[in-house]
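A short worksheet on the structure shown next.
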Amino acid sequence: MKTAIIAPVNTQRESEKNEMIDMQLNNGLRVIVAEDHTTPIVAVDIWYKVGSRDEKPGKSGFAHLFEHMMFEGSENVAKSEHMKIINDVGGIVNGSTTQDRTNYWEVVPANQLELVLWLEADRMRSLNLTMENFENQRDTVKEERRMRVDNQPYMRVLYEMKDEVAYTNFAYRHSVIGSMEDLDNASLEDVRRFHDLYYRPNNAVMSIVGDVEIPQTIDLVKKYFEEIPPGPPVPVVDLSEPPQQSEKRTQYRDPFAPFTAYLFAYHIPDRRHTDYYAIELLEKILFDGESSRLYRKLVEEQQLVLHLLGGSDGKFGPSLFFGFVQISPQGNIAAVEQTVRAELADLTENRITDKELEKAKNKIKADFYLKQESVRARADQFCMYATVFDKPGLLYQELDRYLAVTAEELREVATRYFTPDNRTVIEIFPRNEHFRSGA
């Protein structure tokens with residue numbers, strides 16, 4: 001068992017210090033435990049390092065399907081009982097799937113930690129993969145797709161088309177939720193192979209944060225997880241994306257959209273790249289709040305837009321920086337596009353003011369401290385830093401990297417990525433509106 005002690009971390013109470021430990025069991029399960037005695041609760045978060053990027057053509061949607069399958073029972077837990085057991089002790093529980101990982105988490109009273117570890121170990125070791133459960137959850141996922149994507153305005157563009165148009169590599173190009181055709185064609189044997197490869201302790205990271213003592217927590221982890229056998233090495237996914245050579249532009253008629261909309265995206269590097277910190281600050285400057293540049297221009301001054309959102313899309317590999325706007329009845333794509341391009345050009349041509357940079361850094365700082373206040377958020381962040389950087393303690397160090405970014409670095413990063421050849425555009429029109437390009 002490999003163990004690393006990470007330096008104590010100051011809590012909000014100056015008189016206390018919280019300790020964190022980073023360890024790995026002999027079966028490969030990585031475990032981060034952090035004490036926080038502020039309130040008598042504990043969060044447990046398990047990340048399985050598998051997302052839609054690990055799927056093969058014709059087999060999309062498996063990662064998300066397993067988010068559902070993991071609640072269908074195991075050797076000692078009946079179907080749908082996992083959530084009920086946690087709720088009955090006053091806890092909360094959920095899971096989620098992205099392109100890069102699938103996670104499952106619980107927040108419970110601290111005296112229920114052993115119960116959570118038993119539940120998680122039981123389904124890691126002995127998930128109940130039956131045809132009945134598979135067909136039931138496949139139907140559930142298909143209905144979720146209808147409700148969240150197929151029958152919602154703009155969601156087809158935001159959840160799927162953005163990546164389909166911008167990427168060439170299948171890993172990030174296809175939908176997280178999966179296509180109806182692939183879900184229909186999936187077999188129980190396909191699902192079992194997927195589970196046997198990815199749902200093993202050597203492909204997982206677990207963080208435990210809250211009102212616990214590290215020695216006793218380590219004993220419990222070893223008690224329930226150490227005897228679970230590891231699986232074979234997980235294949236490394238090729239995430240490489242060739243440089244885009246020219247603008248990509250397409251149009252989409254959305255049958256549910258009440259207004260015309262416009263989406264733009266630029267390729268940016270992965271989460272570990274040093275440019276990431278400047279990119280996150282640019283997101284704050286362009287999109288965050290009513291004082292952001294694009295909100296002031298498009299919503300308040302020109303009144304061309306009803307709603308906007310954007311920023312880095314959160315992938316761990318080659319990512320996208322995107323913006324999406326819902327255009328007002330008096331606006332049009334051409335006018336919106338002109339303003340967006342002018343604002344992006346201004347970032348590359350003129351120095352960002354000290355006041356604007358300070359405001360963006362203050363927003364980053366506020367987000368950082370907000371995440372520190374929640375054991376659930378901290379547990380999730382530990383898993384992320386362990387997965388992406390192999391350094392869970394980086395959670396407490398990254399803020400300094402944001403605060404060190406200069407205005408000149410922001411200009412250089414904007415110049416590097418906000419170029420015409422690196423741009424993807426999707427124009428979205430309501431069902432009865434004629435296509436009118438903004439190009």
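Chain labels A, B, ... are given in the sequence in which chains occur in the structure tokens; within each chain residues are numbered consecutively from 1, and ligands are likewise numbered from 1 in the order shown.
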
All residues 9 Å or closer to Thr130 (chain A), only C-alpha atoms, same chain fewer than 4 positions away omitted, as number ranges by chain: A: 134-135, 188

Could you please take those selected residues and save C-alpha atoms as an mmCIF file, in the first residue's frame?
data_model
loop_
_atom_site.group_PDB
_atom_site.id
_atom_site.type_symbol
_atom_site.label_atom_id
_atom_site.label_comp_id
_atom_site.auth_asym_id
_atom_site.auth_seq_id
_atom_site.Cartn_x
_atom_site.Cartn_y
_atom_site.Cartn_z
ATOM 1 C CA PHE A 134 -30.174 -3.766 -18.446
ATOM 2 C CA GLU A 135 -33.373 -3.429 -20.475
ATOM 3 C CA LEU A 188 -26.041 -7.515 -22.288
#

Would you please give, as a PDB file with C-alpha atoms, in the first residue's frame, all residues of region 156-219 of chain A that DSSP assigns to alpha helix (DSSP H) based on the backbone?
ATOM      1  CA  ARG A 156     -29.264  19.211 -29.357  1.00  0.00           C
ATOM      2  CA  LYS A 162     -21.129  21.677 -30.801  1.00  0.00           C
ATOM      3  CA  ASP A 163     -18.756  18.720 -30.458  1.00  0.00           C
ATOM      4  CA  GLU A 164     -19.888  16.942 -33.622  1.00  0.00           C
ATOM      5  CA  VAL A 165     -19.045  19.948 -35.778  1.00  0.00           C
ATOM      6  CA  ALA A 166     -15.872  21.111 -33.983  1.00  0.00           C
ATOM      7  CA  PHE A 170     -14.605  10.274 -32.223  1.00  0.00           C
ATOM      8  CA  ALA A 171     -13.523  10.325 -28.563  1.00  0.00           C
ATOM      9  CA  TYR A 172     -14.937  13.804 -27.941  1.00  0.00           C
ATOM     10  CA  ARG A 173     -17.061  14.135 -31.043  1.00  0.00           C
ATOM     11  CA  MET A 180     -30.910   5.905 -29.846  1.00  0.00           C
ATOM     12  CA  GLU A 181     -29.576   3.496 -32.484  1.00  0.00           C
ATOM     13  CA  ASP A 182     -26.533   2.500 -30.426  1.00  0.00           C
ATOM     14  CA  LEU A 183     -28.638   2.040 -27.292  1.00  0.00           C
ATOM     15  CA  ASP A 184     -31.108  -0.135 -29.215  1.00  0.00           C
ATOM     16  CA  ASN A 185     -28.303  -2.281 -30.609  1.00  0.00           C
ATOM     17  CA  LEU A 188     -26.041  -7.515 -22.288  1.00  0.00           C
ATOM     18  CA  GLU A 189     -22.691  -9.028 -23.269  1.00  0.00           C
ATOM     19  CA  ASP A 190     -21.516  -5.592 -24.479  1.00  0.00           C
ATOM     20  CA  VAL A 191     -22.471  -4.132 -21.110  1.00  0.00           C
ATOM     21  CA  ARG A 192     -20.703  -6.884 -19.157  1.00  0.00           C
ATOM     22  CA  ARG A 193     -17.479  -6.405 -21.117  1.00  0.00           C
ATOM     23  CA  PHE A 194     -17.635  -2.664 -20.469  1.00  0.00           C
ATOM     24  CA  HIS A 195     -18.168  -3.239 -16.755  1.00  0.00           C
ATOM     25  CA  ASP A 196     -15.388  -5.819 -16.418  1.00  0.00           C
ATOM     26  CA  LEU A 197     -12.879  -3.476 -18.021  1.00  0.00           C
ATOM     27  CA  TYR A 198     -13.655  -0.149 -16.374  1.00  0.00           C
ATOM     28  CA  ILE A 214      -7.788   9.353   9.225  1.00  0.00           C
ATOM     29  CA  PRO A 215      -6.512   6.160  10.930  1.00  0.00           C
ATOM     30  CA  GLN A 216      -9.991   4.748  11.542  1.00  0.00           C
ATOM     31  CA  THR A 217     -11.105   5.729   8.040  1.00  0.00           C
ATOM     32  CA  ILE A 218      -8.136   3.943   6.467  1.00  0.00           C
ATOM     33  CA  ASP A 219      -9.015   0.818   8.437  1.00  0.00           C
TER      34      ASP A 219
END

All strand (DSSP E) residues (DSSP, backbone) inside region 264-317 of chain A, as a VMD selection string: chain A and resid 264 to 268 305 to 312

Please produce a file of the residues just selected, as a PDB file, in the first residue's frame, where the atoms kept are N, CA and C atoms.
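The resulting file, result.pdb, is reproduced below:
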ATOM      1  N   PHE A 264     -20.717  29.957 -31.054  1.00  0.00           N
ATOM      2  CA  PHE A 264     -19.364  29.989 -31.596  1.00  0.00           C
ATOM      3  C   PHE A 264     -18.438  29.234 -30.660  1.00  0.00           C
ATOM      4  N   ALA A 265     -17.408  28.616 -31.206  1.00  0.00           N
ATOM      5  CA  ALA A 265     -16.477  27.835 -30.386  1.00  0.00           C
ATOM      6  C   ALA A 265     -15.079  27.904 -30.973  1.00  0.00           C
ATOM      7  N   TYR A 266     -14.082  27.813 -30.087  1.00  0.00           N
ATOM      8  CA  TYR A 266     -12.678  27.798 -30.482  1.00  0.00           C
ATOM      9  C   TYR A 266     -11.988  26.641 -29.760  1.00  0.00           C
ATOM     10  N   HIS A 267     -11.129  25.933 -30.461  1.00  0.00           N
ATOM     11  CA  HIS A 267     -10.341  24.879 -29.822  1.00  0.00           C
ATOM     12  C   HIS A 267      -9.341  25.487 -28.846  1.00  0.00           C
ATOM     13  N   ILE A 268      -9.239  24.866 -27.670  1.00  0.00           N
ATOM     14  CA  ILE A 268      -8.263  25.263 -26.654  1.00  0.00           C
ATOM     15  C   ILE A 268      -7.589  23.994 -26.133  1.00  0.00           C
ATOM     16  N   VAL A 305     -29.685  40.481 -27.612  1.00  0.00           N
ATOM     17  CA  VAL A 305     -29.657  39.130 -27.057  1.00  0.00           C
ATOM     18  C   VAL A 305     -30.507  39.059 -25.795  1.00  0.00           C
ATOM     19  N   LEU A 306     -31.218  37.932 -25.638  1.00  0.00           N
ATOM     20  CA  LEU A 306     -32.035  37.696 -24.453  1.00  0.00           C
ATOM     21  C   LEU A 306     -31.263  36.966 -23.365  1.00  0.00           C
ATOM     22  N   HIS A 307     -30.384  36.094 -23.786  1.00  0.00           N
ATOM     23  CA  HIS A 307     -29.680  35.227 -22.837  1.00  0.00           C
ATOM     24  C   HIS A 307     -28.354  34.809 -23.455  1.00  0.00           C
ATOM     25  N   LEU A 308     -27.321  34.668 -22.607  1.00  0.00           N
ATOM     26  CA  LEU A 308     -26.044  34.172 -23.113  1.00  0.00           C
ATOM     27  C   LEU A 308     -25.330  33.374 -22.045  1.00  0.00           C
ATOM     28  N   LEU A 309     -24.466  32.475 -22.482  1.00  0.00           N
ATOM     29  CA  LEU A 309     -23.622  31.682 -21.594  1.00  0.00           C
ATOM     30  C   LEU A 309     -22.381  31.276 -22.362  1.00  0.00           C
ATOM     31  N   GLY A 310     -21.358  30.846 -21.640  1.00  0.00           N
ATOM     32  CA  GLY A 310     -20.169  30.401 -22.338  1.00  0.00           C
ATOM     33  C   GLY A 310     -18.973  30.243 -21.440  1.00  0.00           C
ATOM     34  N   GLY A 311     -17.867  29.801 -22.048  1.00  0.00           N
ATOM     35  CA  GLY A 311     -16.615  29.574 -21.353  1.00  0.00           C
ATOM     36  C   GLY A 311     -16.011  28.259 -21.770  1.00  0.00           C
ATOM     37  N   SER A 312     -15.024  27.800 -21.019  1.00  0.00           N
ATOM     38  CA  SER A 312     -14.422  26.500 -21.274  1.00  0.00           C
ATOM     39  C   SER A 312     -15.439  25.398 -21.009  1.00  0.00           C
TER      40      SER A 312
END

Polymer residues at most 9 Å from Phe62 (chain A), only C-alpha atoms, same-chain spacing of 2 or more positions, as an mmCIF file with C-alpha atoms, in the first residue's frame:
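What follows is the written file selection00.cif:
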data_model
loop_
_atom_site.group_PDB
_atom_site.id
_atom_site.type_symbol
_atom_site.label_atom_id
_atom_site.label_comp_id
_atom_site.auth_asym_id
_atom_site.auth_seq_id
_atom_site.Cartn_x
_atom_site.Cartn_y
_atom_site.Cartn_z
ATOM 1 C CA GLY A 51 -16.491 8.485 -19.733
ATOM 2 C CA SER A 52 -17.948 8.693 -23.198
ATOM 3 C CA GLU A 55 -16.551 4.351 -26.055
ATOM 4 C CA LYS A 59 -21.219 1.629 -28.775
ATOM 5 C CA SER A 60 -22.046 5.132 -27.588
ATOM 6 C CA HIS A 64 -23.888 7.042 -19.056
ATOM 7 C CA LEU A 65 -25.895 3.804 -19.057
ATOM 8 C CA PHE A 66 -23.663 2.535 -16.248
ATOM 9 C CA GLU A 67 -24.386 5.589 -14.157
ATOM 10 C CA VAL A 176 -22.315 11.500 -23.789
ATOM 11 C CA ILE A 177 -25.884 10.289 -23.510
ATOM 12 C CA GLY A 178 -25.536 8.092 -26.611
ATOM 13 C CA LEU A 183 -28.638 2.040 -27.292
ATOM 14 C CA ALA A 186 -26.470 -2.754 -27.315
ATOM 15 C CA ASP A 190 -21.516 -5.592 -24.479
ATOM 16 C CA VAL A 191 -22.471 -4.132 -21.110
ATOM 17 C CA PHE A 194 -17.635 -2.664 -20.469
#

Shell around Glu427 (chain A) at 12 Å using only C-alpha atoms, local window under 5 positions removed, as a PyMOL selection string: chain A and resi 154+157-158+161-162+165+248-254+257+259-265+324-327+332-334+336-337+433-439

Give me a file of those residues, with C-alpha atoms, as a CSV table (one decimal), in the first residue's frame.
chain,number,residue,atom,x,y,z
A,154,TYR,CA,-31.2,24.3,-28.1
A,157,VAL,CA,-26.8,22.0,-30.3
A,158,LEU,CA,-25.3,22.5,-26.8
A,161,MET,CA,-23.8,19.4,-32.3
A,162,LYS,CA,-21.1,21.7,-30.8
A,165,VAL,CA,-19.0,19.9,-35.8
A,248,LYS,CA,-16.4,25.4,-39.7
A,249,ARG,CA,-20.0,26.7,-40.1
A,250,THR,CA,-23.3,25.0,-40.2
A,251,GLN,CA,-27.0,25.8,-39.7
A,252,TYR,CA,-29.6,23.9,-37.7
A,253,ARG,CA,-33.4,24.2,-37.7
A,254,ASP,CA,-34.5,23.6,-34.1
A,257,ALA,CA,-36.5,26.9,-30.4
A,259,PHE,CA,-35.9,32.4,-31.0
A,260,THR,CA,-32.9,32.4,-33.3
A,261,ALA,CA,-29.7,31.5,-31.6
A,262,TYR,CA,-25.9,31.6,-32.3
A,263,LEU,CA,-23.1,29.4,-31.1
A,264,PHE,CA,-19.4,30.0,-31.6
A,265,ALA,CA,-16.5,27.8,-30.4
A,324,PHE,CA,-24.1,30.6,-26.9
A,325,VAL,CA,-26.6,33.5,-27.3
A,326,GLN,CA,-30.4,33.5,-27.7
A,327,ILE,CA,-31.2,36.4,-30.0
A,332,ASN,CA,-30.1,39.0,-35.9
A,333,ILE,CA,-27.2,36.7,-36.3
A,334,ALA,CA,-25.1,39.1,-38.4
A,336,VAL,CA,-24.5,39.6,-33.0
A,337,GLU,CA,-21.6,38.0,-34.8
A,433,GLU,CA,-37.9,30.7,-39.8
A,434,HIS,CA,-35.8,30.9,-43.0
A,435,PHE,CA,-32.1,30.4,-42.8
A,436,ARG,CA,-30.3,33.8,-42.9
A,437,SER,CA,-26.6,33.4,-42.5
A,438,GLY,CA,-24.5,35.8,-40.4
A,439,ALA,CA,-21.4,35.1,-42.3

Non-local contacts of Lys84 (chain A) (12 Å; only C-alpha atoms; under 4 positions in same chain excluded) as a ChimeraX atom specification: /A:71-73,77-80,88-94,106,119

Computed interatomic separation between CA of Cys383 (chain A) and CA of Trp47 (chain A) (Å): 6.5 Å

Counting only C-alpha atoms, the residue of A:Phe316, A:Phe256, A:Phe225, A:Tyr277 that sits nearest Arg401 (chain A): A:Tyr277

Distance of CA of Gly317 (chain A) from CA of Tyr417 (chain A), expressed in Å to one decimal place: 15.8 Å
